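Structure file target_6.csv with CSV, C-alpha atoms:
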chain,number,residue,atom,x,y,z
A,1,MET,CA,15.5,21.5,44.9
A,2,ASP,CA,17.4,19.9,42.1
A,3,PRO,CA,18.7,16.4,42.9
A,4,THR,CA,22.5,15.9,43.3
A,5,SER,CA,24.5,13.1,41.8
A,6,GLU,CA,24.6,11.6,45.3
A,7,SER,CA,20.8,11.7,45.7
A,8,LEU,CA,20.4,10.2,42.3
A,9,ALA,CA,22.9,7.5,43.2
A,10,ASN,CA,20.9,6.6,46.3
A,11,LEU,CA,17.7,6.4,44.2
A,12,LEU,CA,19.5,4.1,41.7
A,13,GLU,CA,20.6,1.8,44.5
A,14,GLN,CA,16.9,1.6,45.6
A,15,LEU,CA,15.8,0.8,42.1
A,16,VAL,CA,18.5,-1.9,41.6
A,17,ASN,CA,17.4,-3.6,44.9
A,18,ILE,CA,13.8,-4.0,43.7
A,19,PRO,CA,13.8,-7.1,41.5
A,20,SER,CA,12.2,-6.6,38.1
A,21,LEU,CA,13.2,-9.5,35.9
A,22,SER,CA,11.5,-9.1,32.5
A,23,GLY,CA,7.9,-10.3,32.9
A,24,GLN,CA,8.1,-10.0,36.7
A,25,GLU,CA,8.1,-6.3,37.2
A,26,HIS,CA,5.2,-6.2,39.6
A,27,ALA,CA,7.1,-5.0,42.7
A,28,LEU,CA,8.9,-2.2,40.9
A,29,ALA,CA,5.7,-1.1,39.1
A,30,GLU,CA,3.9,-0.8,42.5
A,31,TRP,CA,6.8,1.1,44.0
A,32,LEU,CA,7.0,3.5,41.1
A,33,GLU,CA,3.2,4.1,41.1
A,34,ALA,CA,3.3,5.0,44.8
A,35,ARG,CA,6.3,7.3,44.3
A,36,LEU,CA,4.9,9.1,41.2
A,37,THR,CA,1.5,9.5,43.0
A,38,ALA,CA,3.3,11.0,46.0
A,39,ALA,CA,5.0,13.6,43.8
A,40,GLY,CA,1.6,15.1,43.4
A,41,ASN,CA,2.5,17.1,40.3
A,42,GLY,CA,0.9,15.1,37.5
A,43,GLU,CA,-1.4,12.3,36.4
A,44,VAL,CA,-0.4,8.7,36.8
A,45,LEU,CA,-1.8,6.2,34.4
A,46,ARG,CA,-1.2,2.5,34.2
A,47,THR,CA,-1.4,-0.4,31.8
A,48,ARG,CA,-0.5,-3.7,33.4
A,49,ARG,CA,3.1,-3.3,34.7
A,50,SER,CA,3.8,-0.1,32.7
A,51,LEU,CA,3.2,3.4,34.0
A,52,VAL,CA,2.7,6.8,32.3
A,53,TRP,CA,3.2,10.0,34.2
A,54,ARG,CA,1.7,13.1,32.5
A,55,GLY,CA,2.6,16.6,33.7
A,56,PRO,CA,0.5,19.8,33.4
A,57,GLN,CA,-1.0,20.1,29.9
A,58,GLN,CA,-1.0,23.6,28.6
A,59,GLY,CA,-1.2,23.1,24.9
A,60,ARG,CA,2.6,23.2,24.4
A,61,PRO,CA,4.5,20.7,22.2
A,62,LEU,CA,4.6,17.3,23.9
A,63,VAL,CA,8.0,15.7,24.8
A,64,VAL,CA,8.1,12.1,26.0
A,65,LEU,CA,10.9,10.6,28.1
A,66,ALA,CA,10.8,6.8,28.1
A,67,GLY,CA,12.7,4.0,29.8
A,68,HIS,CA,12.1,0.3,30.5
A,69,ILE,CA,12.0,-1.0,34.1
A,70,ASP,CA,12.8,-4.6,33.5
A,71,THR,CA,16.2,-6.4,33.5
A,72,VAL,CA,17.7,-9.6,32.2
A,73,ARG,CA,18.3,-12.6,34.5
A,74,PRO,CA,20.6,-12.0,37.5
A,75,GLN,CA,24.2,-13.2,37.5
A,76,GLY,CA,25.0,-12.9,41.1
A,77,ASN,CA,24.5,-9.2,40.9
A,78,GLU,CA,21.0,-8.8,42.4
A,79,VAL,CA,22.1,-6.5,45.2
A,80,ALA,CA,23.4,-3.0,44.5
A,81,ARG,CA,26.8,-2.0,45.8
A,82,ARG,CA,28.7,1.3,45.6
A,83,GLU,CA,32.4,1.6,44.6
A,84,SER,CA,34.3,4.7,45.5
A,85,GLY,CA,35.9,6.9,42.9
A,86,ASP,CA,39.0,9.1,43.2
A,87,GLY,CA,36.9,12.0,44.6
A,88,SER,CA,37.2,14.2,41.6
A,89,GLU,CA,34.1,15.7,39.9
A,90,ARG,CA,34.5,13.3,37.0
A,91,ASP,CA,34.9,10.2,39.2
A,92,LEU,CA,32.4,10.1,42.1
A,93,GLY,CA,32.4,6.3,42.1
A,94,LYS,CA,29.8,4.0,40.6
A,95,ILE,CA,26.7,1.9,41.4
A,96,VAL,CA,27.2,-1.7,40.5
A,97,GLY,CA,24.3,-4.2,40.1
A,98,LEU,CA,21.7,-5.7,37.9
A,99,GLY,CA,20.1,-3.1,35.7
A,100,ALA,CA,22.3,-0.3,37.0
A,101,THR,CA,23.3,0.7,33.5
A,102,ASP,CA,20.5,-1.0,31.5
A,103,MET,CA,18.5,0.9,32.4
A,104,LYS,CA,17.6,1.8,35.9
A,105,ALA,CA,20.1,4.7,35.7
A,106,GLY,CA,17.8,6.3,33.1
A,107,ILE,CA,14.8,5.6,35.3
A,108,ALA,CA,16.4,7.3,38.3
A,109,VAL,CA,17.0,10.4,36.1
A,110,MET,CA,13.4,10.4,34.9
A,111,LEU,CA,12.2,10.3,38.5
A,112,GLY,CA,14.6,13.0,39.5
A,113,LEU,CA,13.1,15.3,36.8
A,114,ILE,CA,9.5,14.5,37.7
A,115,GLU,CA,10.1,15.3,41.4
A,116,ALA,CA,12.2,18.5,41.0
A,117,LEU,CA,11.2,20.4,37.8
A,118,ASP,CA,8.4,22.9,37.7
A,119,PHE,CA,6.7,21.5,34.6
A,120,ALA,CA,4.1,24.3,34.5
A,121,GLN,CA,7.0,26.6,33.6
A,122,ALA,CA,8.7,24.3,31.1
A,123,ARG,CA,8.9,24.8,27.3
A,124,PHE,CA,7.0,21.6,26.7
A,125,ASP,CA,4.1,19.5,28.0
A,126,VAL,CA,6.0,16.5,29.3
A,127,ALA,CA,5.1,12.8,29.8
A,128,CYS,CA,7.3,9.9,31.1
A,129,VAL,CA,6.7,6.3,30.2
A,130,PHE,CA,8.1,3.6,32.5
A,131,TYR,CA,7.5,0.4,30.6
A,132,ASP,CA,7.8,-3.4,31.2
A,133,TYR,CA,9.0,-6.3,29.1
A,134,GLU,CA,11.6,-4.6,26.9
A,135,GLU,CA,14.0,-7.4,27.4
A,136,GLY,CA,11.4,-10.0,26.5
A,137,PRO,CA,9.5,-10.8,23.3
A,138,ALA,CA,8.7,-7.8,21.2
A,139,ALA,CA,5.0,-8.7,21.1
A,140,LYS,CA,4.8,-8.1,24.9
A,141,ASN,CA,6.8,-4.8,24.9
A,142,GLY,CA,5.1,-2.4,27.4
A,143,LEU,CA,5.9,0.7,25.3
A,144,LYS,CA,4.1,-0.8,22.3
A,145,ARG,CA,1.1,-1.4,24.6
A,146,ALA,CA,1.2,2.1,26.1
A,147,LEU,CA,1.3,3.7,22.6
A,148,TYR,CA,-1.7,1.7,21.6
A,149,LYS,CA,-3.7,2.4,24.8
A,150,PHE,CA,-2.9,6.1,25.3
A,151,ARG,CA,-3.3,7.4,21.8
A,152,TRP,CA,-2.3,11.0,22.8
A,153,LEU,CA,1.3,9.7,23.1
A,154,ARG,CA,1.3,9.4,19.3
A,155,LYS,CA,1.1,13.2,19.0
A,156,THR,CA,4.5,13.6,20.7
A,157,ARG,CA,6.7,16.3,19.2
A,158,LEU,CA,9.9,14.6,20.3
A,159,ALA,CA,10.8,11.4,22.3
A,160,VAL,CA,14.0,10.8,24.3
A,161,VAL,CA,14.7,7.1,25.1
A,162,LEU,CA,17.1,7.0,28.1
A,163,GLU,CA,18.9,3.8,27.0
A,164,PRO,CA,22.6,3.7,27.9
A,165,THR,CA,24.7,6.0,25.7
A,166,ASP,CA,27.3,7.3,28.2
A,167,LEU,CA,25.9,10.8,27.8
A,168,ASN,CA,26.2,10.8,24.0
A,169,VAL,CA,23.2,11.5,21.7
A,170,GLU,CA,22.7,8.3,19.6
A,171,MET,CA,20.5,8.7,16.6
A,172,GLY,CA,18.2,6.1,15.0
A,173,CYS,CA,19.1,2.4,15.3
A,174,ASN,CA,19.8,-0.5,13.1
A,175,GLY,CA,16.9,-2.7,12.1
A,176,THR,CA,17.1,-6.4,12.9
A,177,VAL,CA,15.7,-9.5,11.2
A,178,ASN,CA,16.1,-13.2,12.0
A,179,LEU,CA,16.0,-15.5,9.0
A,180,GLU,CA,15.7,-19.2,9.0
A,181,VAL,CA,17.6,-21.1,6.4
A,182,ARG,CA,16.9,-24.8,5.8
A,183,VAL,CA,19.7,-26.7,4.1
A,184,PRO,CA,18.2,-29.9,2.5
A,185,GLY,CA,19.7,-33.4,2.7
A,186,VAL,CA,18.7,-37.0,2.8
A,187,SER,CA,19.0,-38.9,6.1
A,188,ALA,CA,20.7,-42.3,6.0
A,189,HIS,CA,22.6,-44.7,8.3
A,190,ALA,CA,26.0,-43.4,9.1
A,191,ALA,CA,27.5,-46.8,8.2
A,192,ARG,CA,26.1,-46.3,4.6
A,193,PRO,CA,26.5,-42.5,3.9
A,194,TRP,CA,26.4,-43.0,0.1
A,195,THR,CA,22.7,-43.8,0.4
A,196,GLY,CA,21.9,-40.3,1.7
A,197,ARG,CA,23.1,-36.7,1.6
A,198,ASN,CA,24.5,-35.1,4.7
A,199,ALA,CA,22.9,-31.7,5.1
A,200,VAL,CA,25.7,-30.3,7.3
A,201,THR,CA,28.3,-31.3,4.7
A,202,ALA,CA,26.1,-29.8,1.9
A,203,GLY,CA,25.9,-26.5,3.7
A,204,ALA,CA,29.4,-26.3,5.1
A,205,ASP,CA,30.9,-24.2,2.3
A,206,TRP,CA,28.0,-21.8,2.4
A,207,LEU,CA,28.3,-21.4,6.2
A,208,ALA,CA,32.0,-20.6,5.9
A,209,THR,CA,31.1,-17.9,3.4
A,210,ILE,CA,28.6,-16.3,5.8
A,211,GLY,CA,31.0,-16.6,8.7
A,212,HIS,CA,33.7,-14.7,6.8
A,213,ARG,CA,31.5,-12.0,5.5
A,214,PRO,CA,33.0,-8.7,6.6
A,215,VAL,CA,31.2,-6.1,8.7
A,216,GLU,CA,30.1,-3.2,6.4
A,217,THR,CA,29.9,0.5,7.4
A,218,VAL,CA,27.0,2.6,6.1
A,219,THR,CA,26.7,6.4,6.5
A,220,VAL,CA,23.3,8.0,7.2
A,221,GLN,CA,23.1,11.8,7.7
A,222,GLY,CA,26.8,11.7,8.4
A,223,LEU,CA,26.6,9.0,11.1
A,224,GLU,CA,28.1,5.5,10.8
A,225,PHE,CA,26.1,2.3,11.2
A,226,ARG,CA,27.5,-1.2,11.0
A,227,GLU,CA,25.7,-3.8,8.9
A,228,THR,CA,26.2,-7.3,10.2
A,229,LEU,CA,25.1,-10.8,9.3
A,230,GLU,CA,25.8,-13.6,11.8
A,231,VAL,CA,24.9,-17.3,12.3
A,232,THR,CA,23.4,-17.4,15.8
A,233,ARG,CA,21.8,-20.8,16.0
A,234,LEU,CA,22.3,-24.1,14.2
A,235,ARG,CA,20.4,-27.4,14.5
A,236,ALA,CA,21.0,-30.6,12.6
A,237,GLY,CA,20.8,-34.4,13.2
A,238,SER,CA,18.5,-36.7,15.2
A,239,ALA,CA,20.9,-39.4,16.4
A,240,ARG,CA,24.6,-40.1,16.5
A,241,ASN,CA,24.4,-42.7,13.8
A,242,VAL,CA,22.1,-40.9,11.4
A,243,LEU,CA,23.2,-38.5,8.6
A,244,PRO,CA,21.3,-35.2,9.1
A,245,GLY,CA,18.5,-34.9,6.6
A,246,GLU,CA,18.2,-31.2,7.2
A,247,MET,CA,20.3,-28.4,8.8
A,248,ILE,CA,18.4,-25.4,10.2
A,249,VAL,CA,20.4,-22.1,10.5
A,250,ASN,CA,19.3,-18.8,12.1
A,251,LEU,CA,20.9,-15.7,10.5
A,252,ASN,CA,20.7,-12.5,12.5
A,253,HIS,CA,21.0,-9.5,10.3
A,254,ARG,CA,21.4,-5.9,11.5
A,255,PHE,CA,20.7,-3.4,8.8
A,256,PRO,CA,21.1,0.4,8.7
A,257,PRO,CA,18.2,3.0,8.9
A,258,ASP,CA,18.4,3.8,5.2
A,259,ARG,CA,17.0,0.4,4.2
A,260,THR,CA,13.5,-1.1,4.4
A,261,LEU,CA,12.9,-4.6,5.8
A,262,ASP,CA,12.1,-5.9,2.4
A,263,GLN,CA,15.4,-4.5,1.0
A,264,ALA,CA,17.3,-6.0,3.9
A,265,VAL,CA,15.7,-9.4,3.4
A,266,ALA,CA,16.3,-9.3,-0.3
A,267,ARG,CA,20.0,-8.6,0.2
A,268,VAL,CA,20.4,-11.7,2.4
A,269,ARG,CA,18.3,-13.9,0.2
A,270,ALA,CA,20.7,-13.2,-2.6
A,271,LEU,CA,23.5,-14.8,-0.5
A,272,VAL,CA,21.5,-18.0,0.1
A,273,PRO,CA,21.4,-20.8,-2.6
A,274,ALA,CA,18.0,-21.0,-4.3
A,275,SER,CA,17.7,-24.7,-3.3
A,276,PHE,CA,17.8,-23.8,0.4
A,277,GLY,CA,14.6,-23.0,2.3
A,278,PHE,CA,14.3,-19.4,3.5
A,279,LYS,CA,11.9,-17.7,5.9
A,280,VAL,CA,11.7,-14.5,8.0
A,281,ARG,CA,11.2,-15.6,11.6
A,282,SER,CA,11.1,-12.1,13.3
A,283,SER,CA,11.9,-8.6,12.5
A,284,SER,CA,12.1,-5.1,14.0
A,285,PRO,CA,12.3,-2.0,11.8
A,286,PRO,CA,15.2,0.5,12.0
A,287,GLY,CA,14.9,3.7,13.8
A,288,ARG,CA,14.9,6.8,11.6
A,289,VAL,CA,17.8,9.2,11.9
A,290,CYS,CA,16.4,12.5,13.0
A,291,LEU,CA,19.5,14.6,13.1
A,292,ASP,CA,17.9,17.2,10.8
A,293,ASP,CA,15.2,17.9,13.4
A,294,LYS,CA,15.4,21.4,14.9
A,295,GLU,CA,14.6,20.4,18.4
A,296,VAL,CA,17.1,17.5,18.3
A,297,GLN,CA,19.7,20.1,17.2
A,298,ARG,CA,18.7,22.4,20.1
A,299,PHE,CA,19.3,19.6,22.6
A,300,ILE,CA,22.7,18.8,21.0
A,301,ARG,CA,23.7,22.5,21.3
A,302,HIS,CA,22.5,22.8,24.9
A,303,SER,CA,24.1,19.6,26.1
A,304,GLY,CA,27.3,19.7,24.1
A,305,ALA,CA,26.9,15.9,23.7
A,306,SER,CA,28.7,14.0,21.0
A,307,VAL,CA,26.6,12.4,18.4
A,308,ALA,CA,26.7,8.9,16.9
A,309,GLY,CA,24.5,6.3,15.3
A,310,LYS,CA,22.9,3.6,17.5
A,311,GLN,CA,24.2,0.2,16.6
A,312,GLY,CA,21.8,-1.9,18.7
A,313,TRP,CA,18.0,-1.9,18.3
A,314,THR,CA,16.1,0.3,20.7
A,315,ASP,CA,12.5,1.5,21.1
A,316,VAL,CA,13.4,4.8,19.4
A,317,ALA,CA,12.2,2.8,16.3
A,318,ARG,CA,8.7,2.5,17.8
A,319,PHE,CA,8.4,6.3,17.9
A,320,THR,CA,10.0,7.0,14.5
A,321,LYS,CA,7.8,4.4,12.9
A,322,ARG,CA,4.8,6.6,13.9
A,323,GLY,CA,6.5,9.7,12.6
A,324,VAL,CA,7.7,11.0,16.0
A,325,PRO,CA,11.3,12.3,16.0
A,326,ALA,CA,13.3,10.5,18.7
A,327,PHE,CA,16.8,9.8,19.9
A,328,ASN,CA,18.7,7.8,22.6
A,329,TYR,CA,20.3,9.7,25.5
A,330,GLY,CA,21.1,8.2,28.9
A,331,PRO,CA,23.7,7.9,31.7
A,332,GLY,CA,24.4,4.2,31.4
A,333,LEU,CA,27.2,2.5,29.5
A,334,ALA,CA,26.1,0.5,26.5
A,335,GLU,CA,29.1,-1.8,26.5
A,336,LEU,CA,28.2,-3.1,30.0
A,337,CYS,CA,24.6,-4.1,29.1
A,338,HIS,CA,23.7,-7.6,30.2
A,339,ARG,CA,27.1,-8.2,31.9
A,340,ALA,CA,27.5,-9.5,35.4
A,341,ASP,CA,29.7,-6.5,36.3
A,342,GLU,CA,27.4,-3.8,34.9
A,343,TYR,CA,27.5,-0.4,36.6
A,344,CYS,CA,26.7,3.3,36.1
A,345,PRO,CA,29.1,6.1,36.9
A,346,ILE,CA,27.5,8.3,39.6
A,347,ALA,CA,28.8,11.4,37.9
A,348,ASN,CA,26.8,10.5,34.7
A,349,LEU,CA,23.5,10.6,36.7
A,350,GLY,CA,24.0,14.2,37.7
A,351,VAL,CA,25.1,15.3,34.2
A,352,ALA,CA,22.2,13.5,32.5
A,353,TYR,CA,19.8,15.2,34.9
A,354,GLU,CA,21.3,18.7,34.4
A,355,ARG,CA,21.4,18.5,30.6
A,356,LEU,CA,17.8,17.3,30.3
A,357,ALA,CA,16.5,19.7,32.9
A,358,ALA,CA,18.2,22.7,31.1
A,359,TRP,CA,16.9,21.7,27.7
A,360,LEU,CA,13.3,21.2,29.0
A,361,SER,CA,13.4,24.5,30.8
A,362,SER,CA,15.5,26.9,28.7
A,363,GLU,CA,14.1,29.4,26.3
A,364,ALA,CA,17.5,29.9,24.7
Before anything else, please render the file you have as structure tokens.
Amino acid sequence: MDPTSESLANLLEQLVNIPSLSGQEHALAEWLEARLTAAGNGEVLRTRRSLVWRGPQQGRPLVVLAGHIDTVRPQGNEVARRESGDGSERDLGKIVGLGATDMKAGIAVMLGLIEALDFAQARFDVACVFYDYEEGPAAKNGLKRALYKFRWLRKTRLAVVLEPTDLNVEMGCNGTVNLEVRVPGVSAHAARPWTGRNAVTAGADWLATIGHRPVETVTVQGLEFRETLEVTRLRAGSARNVLPGEMIVNLNHRFPPDRTLDQAVARVRALVPASFGFKVRSSSPPGRVCLDDKEVQRFIRHSGASVAGKQGWTDVARFTKRGVPAFNYGPGLAELCHRADEYCPIANLGVAYERLAAWLSSEA
């Protein structure tokens, strides 16, 4: 029997109430492993706190559904609560709580599909990846580890990452790079500033230029992506009576999928005076836009979903980097990610399930 929006809402409440702070997902991983094993319709594999469920393998193209099980730190929202809607089909209420939208709603839909669909009769071989540490350092990301350990995942025909999209199809994703700029100065006693050079003063005009740089819009395969450059950290000075001998600035740059990392770094370097130090501190590649893929187009037709570019970075990029077409599609609301009042509309759970189930099963 197919799950209803109500049963999926109950499942989401359970998931929210199992703590899974990034790096501390043990309890939820154990719960998921027991539930997936009890379903009895596939193989359950594990790597640390990440789980991979693999359905019947019949030589069909492989589709992977993926979602992270960890959350950011709680903000007084550890316990799930339900808020009533107006009773209409479009407003069945919402589940409020930590991870409700980012992204335990997507996990609930994945579980619903595993427990209800007859995957022996589907159009695809299907696997689902429930991974840890997405909200933490990229080096510890559980999807990265799963793709390395289970090499067969790299042969995926198409991947769907159930990040929050409010039931829209979001293609690709911006790349991101953190750049450290060091503005040089000469430290001196604040009572005799003429004997030194204040690094903050020296870099002030440049900082103002970066701060007033407009957001630029870039179009890729007809979809808009916003290119941004922002100062996110600044450090200078060792004491209240000492001129800073150096100012260290972190620039966070989000760049569109039509650009390589080297190209993105070069564009920012051109905005920084040659006398300033400049170093790449961390980076994540953009996700390729796969709107021209036939199976992606089939899902868009089946679902009737709107299509947009993904502004924030997501693990879609891990798949497209390996040549696997991928997109984001999930029931959560992106604008509520990491907020104390995050929630997922109950109606979205049912719609996401129905659209994915129809696409996986239909021959049309």
Of the listed residues A:Asp118, A:Arg54, A:Leu113, A:Gly237, that which approaches Phe150 of chain A most closely, counting only C-alpha atoms: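 Between A:Asp118, A:Arg54, A:Leu113, A:Gly237, the residue approaching Phe150 of chain A most closely is A:Arg54.
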field: Answer as a list in words, residues within 8 Å of (22.6, -10.2, 11.2) using all atoms listed in the file
entry: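 The residues that fall inside the cut-off are Thr176, Val177, Asn178, Glu227, Thr228, Leu229, Glu230, Val231, Leu251, Asn252, His253, Arg254 and Phe255 of chain A.
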What would the file look like if the residues just selected were written as a compact mmCIF listing (two decimals), keeping the file's coordinate frame with C-alpha atoms?
# COMPACT_ATOMS: atom_id res chain seq x y z
CA THR A 176 17.10 -6.40 12.90
CA VAL A 177 15.70 -9.50 11.20
CA ASN A 178 16.10 -13.20 12.00
CA GLU A 227 25.70 -3.80 8.90
CA THR A 228 26.20 -7.30 10.20
CA LEU A 229 25.10 -10.80 9.30
CA GLU A 230 25.80 -13.60 11.80
CA VAL A 231 24.90 -17.30 12.30
CA LEU A 251 20.90 -15.70 10.50
CA ASN A 252 20.70 -12.50 12.50
CA HIS A 253 21.00 -9.50 10.30
CA ARG A 254 21.40 -5.90 11.50
CA PHE A 255 20.70 -3.40 8.80
Kindly provide, as JSON, numbers by chain, the polymer residues lying within 12 Å of (9.5, 28.3, 37.1), counting all atoms listed in the file and using the coordinates exactly as they appear in the file.
{"A": [1, 116, 117, 118, 119, 120, 121, 122, 123, 357, 358, 360, 361, 362, 363]}
Output file for the residues above (C-alpha atoms, as a JSON list (two decimals), in the coordinates of the input):
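Output file selection_2.json follows:
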[["chain", "number", "residue", "atom", "x", "y", "z"],
["A", 1, "MET", "CA", 15.50, 21.50, 44.90],
["A", 116, "ALA", "CA", 12.20, 18.50, 41.00],
["A", 117, "LEU", "CA", 11.20, 20.40, 37.80],
["A", 118, "ASP", "CA", 8.40, 22.90, 37.70],
["A", 119, "PHE", "CA", 6.70, 21.50, 34.60],
["A", 120, "ALA", "CA", 4.10, 24.30, 34.50],
["A", 121, "GLN", "CA", 7.00, 26.60, 33.60],
["A", 122, "ALA", "CA", 8.70, 24.30, 31.10],
["A", 123, "ARG", "CA", 8.90, 24.80, 27.30],
["A", 357, "ALA", "CA", 16.50, 19.70, 32.90],
["A", 358, "ALA", "CA", 18.20, 22.70, 31.10],
["A", 360, "LEU", "CA", 13.30, 21.20, 29.00],
["A", 361, "SER", "CA", 13.40, 24.50, 30.80],
["A", 362, "SER", "CA", 15.50, 26.90, 28.70],
["A", 363, "GLU", "CA", 14.10, 29.40, 26.30]]
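Of the listed residues A:Leu207, A:Ala239, A:Val44, A:Leu158, the one whose atoms come nearest to Val316 of chain A is A:Leu158, with distances taken using only C-alpha atoms.
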**OP:** State, in Å with one decimal place, the distance from atom CA of Ala236 of chain A to atom CA of Gly203 of chain A.
**Re:**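 So the answer is 11.0 Å.
Shell of Gln263 of chain A at 12 Å, with all atoms listed in the file counted and residues fewer than 5 places along the chain excluded, is Gly175, Val177, His253, Phe255, Pro256, Pro257, Asp258, Val268, Arg269, Ala270 and Pro285 of chain A.
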key: Point-to-point distance in Å for atom CA of Lys279 of chain A and atom CA of Thr201 of chain A   =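 Computing it gives 21.3 Å between the two atoms.
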Exercise. Could you please determine the separation between atom CA of Asp166 of chain A and atom CA of Val16 of chain A in Å, to one decimal place?
Key: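 That distance, rounded to one decimal, is 18.5 Å.
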With the cut-off set at 7 Å and counting all atoms listed in the file, tabulate each residue of segment 60-131 of chain A with an atom at most that distance from an atom of segment 322-340 of chain A, showing the nearest atom pair and its distance in Å to one decimal, ordered by chain and increasing number, as a tab-separated table.
residue	atom	partner	partner_atom	distance
A:Val72	CA	A:His338	CA	6.6
A:Gln75	CA	A:Ala340	CA	5.4
A:Asn77	CA	A:Ala340	CA	6.3
A:Thr101	CA	A:Gly332	CA	4.2
A:Asp102	CA	A:Cys337	CA	5.7
A:Met103	CA	A:Gly332	CA	6.8
A:Ala105	CA	A:Gly332	CA	6.1
A:Gly106	CA	A:Gly330	CA	5.7
Shortest contact to Ile248 of chain A, candidates A:Lys104, A:His26, A:Lys321, A:Arg235, atoms counted only C-alpha atoms, goes to A:Arg235
With the input short on atoms, add N, CA and C atoms back to segment 178-190 of chain A and write it as a PDB file, keeping the file's coordinate frame.
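Result written to out-v5.pdb:
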ATOM      1  N   ASN A 178      15.617 -11.836  11.891  1.00  0.00           N
ATOM      2  CA  ASN A 178      16.100 -13.200  12.000  1.00  0.00           C
ATOM      3  C   ASN A 178      15.508 -14.051  10.921  1.00  0.00           C
ATOM      4  N   LEU A 179      16.411 -14.701  10.174  1.00  0.00           N
ATOM      5  CA  LEU A 179      16.000 -15.500   9.000  1.00  0.00           C
ATOM      6  C   LEU A 179      16.378 -16.928   9.189  1.00  0.00           C
ATOM      7  N   GLU A 180      15.435 -17.797   8.903  1.00  0.00           N
ATOM      8  CA  GLU A 180      15.700 -19.200   9.000  1.00  0.00           C
ATOM      9  C   GLU A 180      16.015 -19.811   7.659  1.00  0.00           C
ATOM     10  N   VAL A 181      17.174 -20.431   7.590  1.00  0.00           N
ATOM     11  CA  VAL A 181      17.600 -21.100   6.400  1.00  0.00           C
ATOM     12  C   VAL A 181      17.608 -22.603   6.602  1.00  0.00           C
ATOM     13  N   ARG A 182      16.992 -23.347   5.699  1.00  0.00           N
ATOM     14  CA  ARG A 182      16.900 -24.800   5.800  1.00  0.00           C
ATOM     15  C   ARG A 182      17.763 -25.417   4.669  1.00  0.00           C
ATOM     16  N   VAL A 183      18.833 -26.083   5.049  1.00  0.00           N
ATOM     17  CA  VAL A 183      19.700 -26.700   4.100  1.00  0.00           C
ATOM     18  C   VAL A 183      19.194 -28.187   3.920  1.00  0.00           C
ATOM     19  N   PRO A 184      18.769 -28.574   2.717  1.00  0.00           N
ATOM     20  CA  PRO A 184      18.200 -29.900   2.500  1.00  0.00           C
ATOM     21  C   PRO A 184      19.261 -31.002   2.429  1.00  0.00           C
ATOM     22  N   GLY A 185      18.903 -32.184   2.871  1.00  0.00           N
ATOM     23  CA  GLY A 185      19.700 -33.400   2.700  1.00  0.00           C
ATOM     24  C   GLY A 185      18.854 -34.589   2.665  1.00  0.00           C
ATOM     25  N   VAL A 186      19.454 -35.743   2.757  1.00  0.00           N
ATOM     26  CA  VAL A 186      18.700 -37.000   2.800  1.00  0.00           C
ATOM     27  C   VAL A 186      19.276 -37.835   3.926  1.00  0.00           C
ATOM     28  N   SER A 187      18.465 -38.154   4.906  1.00  0.00           N
ATOM     29  CA  SER A 187      19.000 -38.900   6.100  1.00  0.00           C
ATOM     30  C   SER A 187      19.291 -40.344   5.639  1.00  0.00           C
ATOM     31  N   ALA A 188      20.300 -40.903   6.312  1.00  0.00           N
ATOM     32  CA  ALA A 188      20.700 -42.300   6.000  1.00  0.00           C
ATOM     33  C   ALA A 188      21.529 -42.781   7.216  1.00  0.00           C
ATOM     34  N   HIS A 189      21.742 -44.080   7.257  1.00  0.00           N
ATOM     35  CA  HIS A 189      22.600 -44.700   8.300  1.00  0.00           C
ATOM     36  C   HIS A 189      24.020 -44.214   8.118  1.00  0.00           C
ATOM     37  N   ALA A 190      24.670 -43.862   9.214  1.00  0.00           N
ATOM     38  CA  ALA A 190      26.000 -43.400   9.100  1.00  0.00           C
ATOM     39  C   ALA A 190      27.001 -44.424   8.599  1.00  0.00           C
TER      40      ALA A 190
END
